[in-house]
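The file upload38.cif contains mmCIF, C-alpha atoms:
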data_final
loop_
_atom_site.label_atom_id
_atom_site.label_comp_id
_atom_site.auth_asym_id
_atom_site.auth_seq_id
_atom_site.Cartn_x
_atom_site.Cartn_y
_atom_site.Cartn_z
CA MET Z 23 -31.74 1.67 20.23
CA LYS Z 24 -29.43 1.02 17.30
CA PRO Z 25 -30.28 2.63 13.96
CA GLU Z 26 -31.67 0.67 11.03
CA ILE Z 27 -28.84 -0.52 8.78
CA ARG Z 28 -29.52 -0.37 5.05
CA HIS Z 29 -25.94 -0.44 3.73
CA ILE Z 30 -23.16 -2.84 4.75
CA VAL Z 31 -19.61 -1.88 3.77
CA PHE Z 32 -16.71 -4.34 3.98
CA ASP Z 33 -13.01 -3.67 4.17
CA ILE Z 34 -11.02 -6.34 2.29
CA GLY Z 35 -7.49 -6.96 3.62
CA LYS Z 36 -7.56 -9.02 6.84
CA VAL Z 37 -11.37 -9.05 6.69
CA LEU Z 38 -12.05 -11.01 3.49
CA ILE Z 39 -8.53 -12.01 2.42
CA HIS Z 40 -5.34 -12.69 4.34
CA TYR Z 41 -2.36 -10.39 3.82
CA ASP Z 42 1.18 -10.99 5.07
CA PRO Z 43 4.31 -9.59 3.34
CA ASP Z 44 6.45 -11.99 5.35
CA LEU Z 45 5.25 -14.95 3.31
CA PRO Z 46 7.47 -14.47 0.24
CA PHE Z 47 10.20 -12.64 2.15
CA LYS Z 48 10.81 -15.52 4.53
CA ARG Z 49 12.18 -17.23 1.44
CA LEU Z 50 13.82 -14.16 -0.11
CA ILE Z 51 15.44 -12.93 3.13
CA PRO Z 52 15.71 -16.01 5.35
CA ASP Z 53 17.47 -14.26 8.21
CA GLU Z 54 14.74 -12.90 10.50
CA ALA Z 55 16.73 -9.95 11.83
CA GLU Z 56 17.70 -8.85 8.32
CA ARG Z 57 14.11 -9.26 7.15
CA ARG Z 58 12.81 -7.11 10.02
CA TRP Z 59 15.41 -4.45 9.19
CA PHE Z 60 14.28 -4.48 5.56
CA PHE Z 61 10.62 -3.92 6.45
CA GLU Z 62 11.45 -1.30 9.08
CA ASN Z 63 13.85 0.69 6.87
CA VAL Z 64 13.28 -0.05 3.18
CA CYS Z 65 9.88 -1.44 2.15
CA THR Z 66 8.16 0.08 5.17
CA HIS Z 67 4.46 0.29 5.98
CA ASP Z 68 4.50 4.03 5.29
CA TRP Z 69 6.12 3.45 1.90
CA ASN Z 70 3.50 0.87 0.97
CA VAL Z 71 0.64 3.13 2.09
CA GLU Z 72 1.60 5.62 -0.62
CA GLN Z 73 0.80 2.98 -3.26
CA ASP Z 74 -2.61 2.70 -1.57
CA ARG Z 75 -2.90 6.47 -2.00
CA GLY Z 76 -2.16 6.20 -5.72
CA ARG Z 77 1.60 6.28 -6.25
CA THR Z 78 2.63 3.86 -8.98
CA TRP Z 79 4.91 0.92 -8.31
CA PRO Z 80 7.60 2.15 -10.76
CA GLU Z 81 7.69 5.47 -8.87
CA ALA Z 82 7.79 3.70 -5.52
CA GLU Z 83 10.54 1.33 -6.58
CA ALA Z 84 12.66 4.09 -8.12
CA LEU Z 85 12.47 6.10 -4.91
CA LEU Z 86 13.82 3.25 -2.79
CA ILE Z 87 16.36 2.00 -5.29
CA ALA Z 88 17.91 5.48 -5.35
CA GLN Z 89 18.35 5.22 -1.57
CA TYR Z 90 19.23 1.53 -1.34
CA PRO Z 91 20.70 0.48 -4.70
CA GLU Z 92 22.16 -2.69 -3.17
CA ARG Z 93 18.60 -3.76 -2.29
CA GLU Z 94 17.14 -3.37 -5.77
CA GLU Z 95 16.23 -7.03 -6.19
CA HIS Z 96 14.40 -7.19 -2.88
CA ILE Z 97 12.65 -3.87 -3.51
CA ARG Z 98 11.34 -5.06 -6.87
CA ALA Z 99 10.39 -8.38 -5.28
CA PHE Z 100 7.76 -6.69 -3.14
CA ARG Z 101 5.47 -6.10 -6.13
CA ARG Z 102 6.68 -9.08 -8.12
CA HIS Z 103 5.75 -11.52 -5.36
CA TRP Z 104 2.69 -9.65 -4.11
CA HIS Z 105 0.37 -12.51 -5.03
CA GLU Z 106 2.13 -14.69 -2.45
CA MET Z 107 1.23 -12.16 0.26
CA VAL Z 108 -2.51 -12.89 -0.23
CA PRO Z 109 -2.53 -16.71 0.02
CA HIS Z 110 -6.15 -17.33 0.95
CA ALA Z 111 -9.55 -15.90 1.74
CA TYR Z 112 -11.22 -15.88 5.13
CA ASP Z 113 -13.93 -18.39 4.31
CA GLY Z 114 -16.12 -17.45 7.27
CA SER Z 115 -16.39 -13.76 6.51
CA VAL Z 116 -16.69 -14.40 2.76
CA ALA Z 117 -19.63 -16.72 3.47
CA ILE Z 118 -21.23 -13.97 5.57
CA MET Z 119 -20.81 -11.42 2.80
CA LYS Z 120 -22.26 -13.78 0.18
CA LYS Z 121 -25.27 -14.54 2.39
CA LEU Z 122 -25.90 -10.85 3.00
CA ILE Z 123 -25.90 -10.25 -0.76
CA ALA Z 124 -28.12 -13.29 -1.39
CA ASP Z 125 -30.55 -12.05 1.26
CA GLY Z 126 -30.91 -8.75 -0.58
CA HIS Z 127 -28.76 -6.47 1.57
CA ASP Z 128 -26.91 -3.60 -0.08
CA VAL Z 129 -23.22 -4.58 0.17
CA THR Z 130 -20.26 -2.54 -1.03
CA MET Z 131 -16.53 -2.51 -0.24
CA LEU Z 132 -14.16 0.28 0.85
CA THR Z 133 -10.49 -0.59 0.82
CA ASN Z 134 -6.98 0.81 1.07
CA PHE Z 135 -5.42 -0.91 -1.94
CA ALA Z 136 -3.08 -0.12 -4.81
CA ASP Z 137 -4.84 0.03 -8.17
CA ASP Z 138 -3.11 -2.79 -9.99
CA THR Z 139 -2.87 -5.16 -7.03
CA PHE Z 140 -6.60 -4.77 -6.44
CA ALA Z 141 -7.28 -5.68 -10.06
CA GLN Z 142 -5.04 -8.71 -9.55
CA ALA Z 143 -6.86 -9.62 -6.34
CA GLN Z 144 -10.18 -9.60 -8.22
CA THR Z 145 -8.83 -12.25 -10.59
CA ILE Z 146 -7.54 -14.39 -7.70
CA PHE Z 147 -10.64 -14.00 -5.51
CA GLU Z 148 -13.77 -14.02 -7.66
CA PHE Z 149 -16.01 -13.05 -4.72
CA LEU Z 150 -14.49 -9.54 -4.77
CA ASN Z 151 -16.69 -8.97 -7.82
CA ALA Z 152 -19.90 -9.91 -5.97
CA PRO Z 153 -20.78 -6.70 -4.06
CA ARG Z 154 -22.54 -3.77 -5.75
CA GLY Z 155 -19.28 -1.87 -6.01
CA VAL Z 156 -16.02 -0.85 -4.40
CA THR Z 157 -14.07 2.28 -3.59
CA VAL Z 158 -10.34 1.58 -4.00
CA SER Z 159 -8.18 4.15 -2.25
CA ALA Z 160 -5.60 4.43 -5.02
CA ARG Z 161 -8.29 5.17 -7.59
CA VAL Z 162 -9.67 8.13 -5.63
CA GLY Z 163 -6.37 9.37 -4.16
CA LEU Z 164 -7.63 9.05 -0.59
CA ILE Z 165 -7.00 6.56 2.19
CA LYS Z 166 -8.73 5.47 5.38
CA PRO Z 167 -9.11 6.85 7.98
CA ASP Z 168 -9.35 10.22 6.16
CA ALA Z 169 -12.94 11.47 6.39
CA ALA Z 170 -12.96 12.28 2.69
CA ILE Z 171 -12.79 8.64 1.61
CA TYR Z 172 -15.88 7.69 3.62
CA GLU Z 173 -17.73 10.68 2.17
CA THR Z 174 -16.54 9.78 -1.33
CA HIS Z 175 -17.79 6.22 -0.92
CA ALA Z 176 -21.18 7.30 0.43
CA ASN Z 177 -21.64 9.80 -2.40
CA ALA Z 178 -20.53 7.37 -5.10
CA PHE Z 179 -23.01 4.68 -4.05
CA GLY Z 180 -25.85 6.82 -2.73
CA LEU Z 181 -25.46 5.68 0.88
CA ASP Z 182 -27.07 7.32 3.89
CA PRO Z 183 -24.18 7.53 6.42
CA LYS Z 184 -26.57 7.04 9.37
CA ALA Z 185 -27.70 3.75 7.82
CA CYS Z 186 -24.19 2.40 7.04
CA LEU Z 187 -22.44 -0.38 8.91
CA PHE Z 188 -18.70 -0.55 8.19
CA ILE Z 189 -16.60 -3.63 8.94
CA ASP Z 190 -12.80 -3.19 9.21
CA ASP Z 191 -9.97 -4.89 11.12
CA SER Z 192 -8.29 -1.55 11.92
CA PRO Z 193 -9.57 0.38 14.97
CA PRO Z 194 -8.42 3.73 13.49
CA ASN Z 195 -10.39 3.01 10.31
CA VAL Z 196 -13.44 2.06 12.36
CA ALA Z 197 -13.09 5.29 14.35
CA GLY Z 198 -12.78 7.24 11.09
CA ALA Z 199 -16.07 5.82 9.86
CA GLN Z 200 -17.77 6.57 13.18
CA ALA Z 201 -16.54 10.17 13.02
CA CYS Z 202 -18.40 10.44 9.70
CA GLY Z 203 -21.64 9.28 11.29
CA TRP Z 204 -21.44 5.63 10.25
CA GLN Z 205 -22.00 2.63 12.46
CA SER Z 206 -18.81 0.56 12.47
CA VAL Z 207 -17.37 -2.57 14.07
CA VAL Z 208 -13.86 -3.96 14.43
CA PHE Z 209 -13.47 -7.31 12.64
CA THR Z 210 -11.74 -9.99 14.70
CA GLY Z 211 -13.33 -13.08 13.16
CA ALA Z 212 -16.46 -14.48 11.55
CA ASP Z 213 -18.15 -15.51 14.80
CA LYS Z 214 -17.82 -12.04 16.30
CA LEU Z 215 -19.02 -10.48 13.03
CA ARG Z 216 -22.18 -12.59 13.13
CA GLN Z 217 -22.77 -11.39 16.68
CA ASP Z 218 -22.18 -7.77 15.67
CA LEU Z 219 -24.60 -8.07 12.75
CA ALA Z 220 -27.20 -9.74 14.96
CA GLY Z 221 -26.94 -6.76 17.28
CA TYR Z 222 -28.28 -4.67 14.39
CA GLY Z 223 -31.00 -7.19 13.61
CA ILE Z 224 -29.16 -8.62 10.60
CA ALA Z 225 -29.02 -12.41 10.21
CA ALA Z 226 -25.79 -13.78 8.80
#

Please lay out the structure from this file as structure tokens.
Amino acid sequence: MKPEIRHIVFDIGKVLIHYDPDLPFKRLIPDEAERRWFFENVCTHDWNVEQDRGRTWPEAEALLIAQYPEREEHIRAFRRHWHEMVPHAYDGSVAIMKKLIADGHDVTMLTNFADDTFAQAQTIFEFLNAPRGVTVSARVGLIKPDAAIYETHANAFGLDPKACLFIDDSPPNVAGAQACGWQSVVFTGADKLRQDLAGYGIAA
């Protein structure tokens, strides 16, 4: 028998809003092979994760520009054109989140996000202000799937880990939550999320 869920925790990127760095860079670096090289060697995933951990964009840009001075314009373009990387919300999952809140469920968010881009996202997507609160990785200096960020979130919002259901598109992040005693499901779409919630007796 599944435990009673009293707290529902949403990830944001690729769960509530779309994220794709290719969107502006298809215009900025039209050649696909060159663009792939740029993301694999310059503005890499690992480099971007450090902004989620709290490194500032000026620090991040300076680090890469020192290594790739000829790529300065493209390096600075990553932050400058960030808003183009988040072109739309996932209406289905946003509707689910809004209904959960309207029905009286305790909803919070836990996200790997840079500080300033999250603040920008909140102005673009008003629904990010609807839940009771959010833990932003850069603001606490921790990132998923580190156990400490789940513990920090639970402590900050008074959550009982055994009664938490976490929704994230990343299997490692889901596994990280489960290792901390949370219930957790991998997000693949709104229909599957409704099924997952129904499995815990939650109508969405």

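CA of Lys166 (chain Z) sits 29.0 Å away from CA of Tyr90 (chain Z).
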
Inset, instruction - Do a neighbour search on Phe209 (chain Z) at 9 Å with all atoms listed in the file, toss out local chain neighbours closer than 5 positions, and write the hits as a ChimeraX atom specification. - result: /Z:36-37,189-193,214-215

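Put simply, the PyMOL selection byres ((chain Z and resi 58-66) around 8) on this file hits Z:Glu54, Z:Ala55, Z:Glu56, Z:Arg57, Z:His67, Z:Asp68, Z:Trp69, Z:Asn70, Z:Leu86, Z:Tyr90, Z:Ile97, Z:Phe100.
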
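Near region 111-113 of chain Z, within 9 Å and counting only C-alpha atoms, sit Lys36, Val37, Leu38, Ile39, His40, Val108, Val116, Ala117, Ile118, Phe147, Gly211 and Ala212 of chain Z, not including residues fewer than 3 positions from it in the same chain.
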
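The space separating CA of Thr130 (chain Z) from CA of Gln73 (chain Z) comes to 21.9 Å.
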
Legend entry - Picked residues, the PyMOL selection byres ((chain Z and resi 78) around 12), expected as a PyMOL selection string: chain Z and resi 69-77+79-85+101+135-139+160-161+163

How about saving the chosen residues, C-alpha atoms kept, as a PDB file, keeping the file's coordinate frame?
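Writing done, so here's result_16.pdb:
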ATOM      1  CA  TRP Z  69       6.120   3.450   1.900  1.00  0.00           C
ATOM      2  CA  ASN Z  70       3.500   0.870   0.970  1.00  0.00           C
ATOM      3  CA  VAL Z  71       0.640   3.130   2.090  1.00  0.00           C
ATOM      4  CA  GLU Z  72       1.600   5.620  -0.620  1.00  0.00           C
ATOM      5  CA  GLN Z  73       0.800   2.980  -3.260  1.00  0.00           C
ATOM      6  CA  ASP Z  74      -2.610   2.700  -1.570  1.00  0.00           C
ATOM      7  CA  ARG Z  75      -2.900   6.470  -2.000  1.00  0.00           C
ATOM      8  CA  GLY Z  76      -2.160   6.200  -5.720  1.00  0.00           C
ATOM      9  CA  ARG Z  77       1.600   6.280  -6.250  1.00  0.00           C
ATOM     10  CA  TRP Z  79       4.910   0.920  -8.310  1.00  0.00           C
ATOM     11  CA  PRO Z  80       7.600   2.150 -10.760  1.00  0.00           C
ATOM     12  CA  GLU Z  81       7.690   5.470  -8.870  1.00  0.00           C
ATOM     13  CA  ALA Z  82       7.790   3.700  -5.520  1.00  0.00           C
ATOM     14  CA  GLU Z  83      10.540   1.330  -6.580  1.00  0.00           C
ATOM     15  CA  ALA Z  84      12.660   4.090  -8.120  1.00  0.00           C
ATOM     16  CA  LEU Z  85      12.470   6.100  -4.910  1.00  0.00           C
ATOM     17  CA  ARG Z 101       5.470  -6.100  -6.130  1.00  0.00           C
ATOM     18  CA  PHE Z 135      -5.420  -0.910  -1.940  1.00  0.00           C
ATOM     19  CA  ALA Z 136      -3.080  -0.120  -4.810  1.00  0.00           C
ATOM     20  CA  ASP Z 137      -4.840   0.030  -8.170  1.00  0.00           C
ATOM     21  CA  ASP Z 138      -3.110  -2.790  -9.990  1.00  0.00           C
ATOM     22  CA  THR Z 139      -2.870  -5.160  -7.030  1.00  0.00           C
ATOM     23  CA  ALA Z 160      -5.600   4.430  -5.020  1.00  0.00           C
ATOM     24  CA  ARG Z 161      -8.290   5.170  -7.590  1.00  0.00           C
ATOM     25  CA  GLY Z 163      -6.370   9.370  -4.160  1.00  0.00           C
TER      26      GLY Z 163
END

Inset, instruction - Pull out every residue that the PyMOL selection byres ((chain Z and resi 221) around 12) matches in the shown coordinates and put them as a ChimeraX atom specification. - result: /Z:23-27,187,205-207,214-220,222-226

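Nearest-residue note for Val158 (chain Z): choosing from Z:Glu95, Z:Phe179, Z:Ala141, Z:Asn134, the minimum distance belongs to Z:Asn134, counting only C-alpha atoms.
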
Legend entry - Atomic separation - CA of Thr145 (chain Z) relative to CA of Lys120 (chain Z), Å: 17.3 Å

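Proximity to Pro46 (chain Z) was assessed for Z:Ile87, Z:Met107, Z:Val208, Z:Leu132 counting all atoms listed in the file; the smallest distance is recorded for Z:Met107.
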
Legend entry - Pick from Z:Ile123, Z:Met131, Z:Val162, Z:Ala201, whichever lies nearest to Asp33 (chain Z) using only C-alpha atoms: Z:Met131

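Of the residues under consideration (Z:Gly198, Z:Gly126, Z:Pro91, Z:Gly114), Z:Gly126 shows the shortest atom-to-atom contact distance to Pro153 (chain Z) when counting only C-alpha atoms.
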
Inset, instruction - Measuring atom to atom with all atoms listed in the file, identify which of Z:Ile51, Z:Leu150, Z:Leu164, Z:Ala169 is nearest to Val129 (chain Z). - result: Z:Leu150

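Restricting the calculation to all atoms listed in the file, the smallest distance between Asp168 (chain Z) and any of Z:Leu45, Z:Ile34, Z:Val196, Z:Ala124 is found for Z:Val196.
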
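The environment of Cys202 (chain Z) within 8 Å, counting all atoms listed in the file and disregarding residues fewer than 2 places along the same chain, consists of Ala169, Tyr172, Glu173, Pro183, Gly198, Ala199, Gln200 and Trp204 of chain Z.
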
Please produce a file of those selected residues containing C-alpha atoms, as a PDB file, keeping the file's coordinate frame.
ATOM      1  CA  ALA Z 169     -12.940  11.470   6.390  1.00  0.00           C
ATOM      2  CA  TYR Z 172     -15.880   7.690   3.620  1.00  0.00           C
ATOM      3  CA  GLU Z 173     -17.730  10.680   2.170  1.00  0.00           C
ATOM      4  CA  PRO Z 183     -24.180   7.530   6.420  1.00  0.00           C
ATOM      5  CA  GLY Z 198     -12.780   7.240  11.090  1.00  0.00           C
ATOM      6  CA  ALA Z 199     -16.070   5.820   9.860  1.00  0.00           C
ATOM      7  CA  GLN Z 200     -17.770   6.570  13.180  1.00  0.00           C
ATOM      8  CA  TRP Z 204     -21.440   5.630  10.250  1.00  0.00           C
TER       9      TRP Z 204
END

Surrounding residues of Arg28 (chain Z) excluding itself and chain neighbours under 5 positions, 7 Å, all atoms listed in the file, as a short mmCIF file (atom, residue, chain, number, x, y, z; two decimals) with C-alpha atoms, in the frame of the given file:
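Below is the file result.cif, written as the result:
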data_model
loop_
_atom_site.label_atom_id
_atom_site.label_comp_id
_atom_site.auth_asym_id
_atom_site.auth_seq_id
_atom_site.Cartn_x
_atom_site.Cartn_y
_atom_site.Cartn_z
CA ASP Z 128 -26.91 -3.60 -0.08
CA ALA Z 185 -27.70 3.75 7.82
CA CYS Z 186 -24.19 2.40 7.04
#
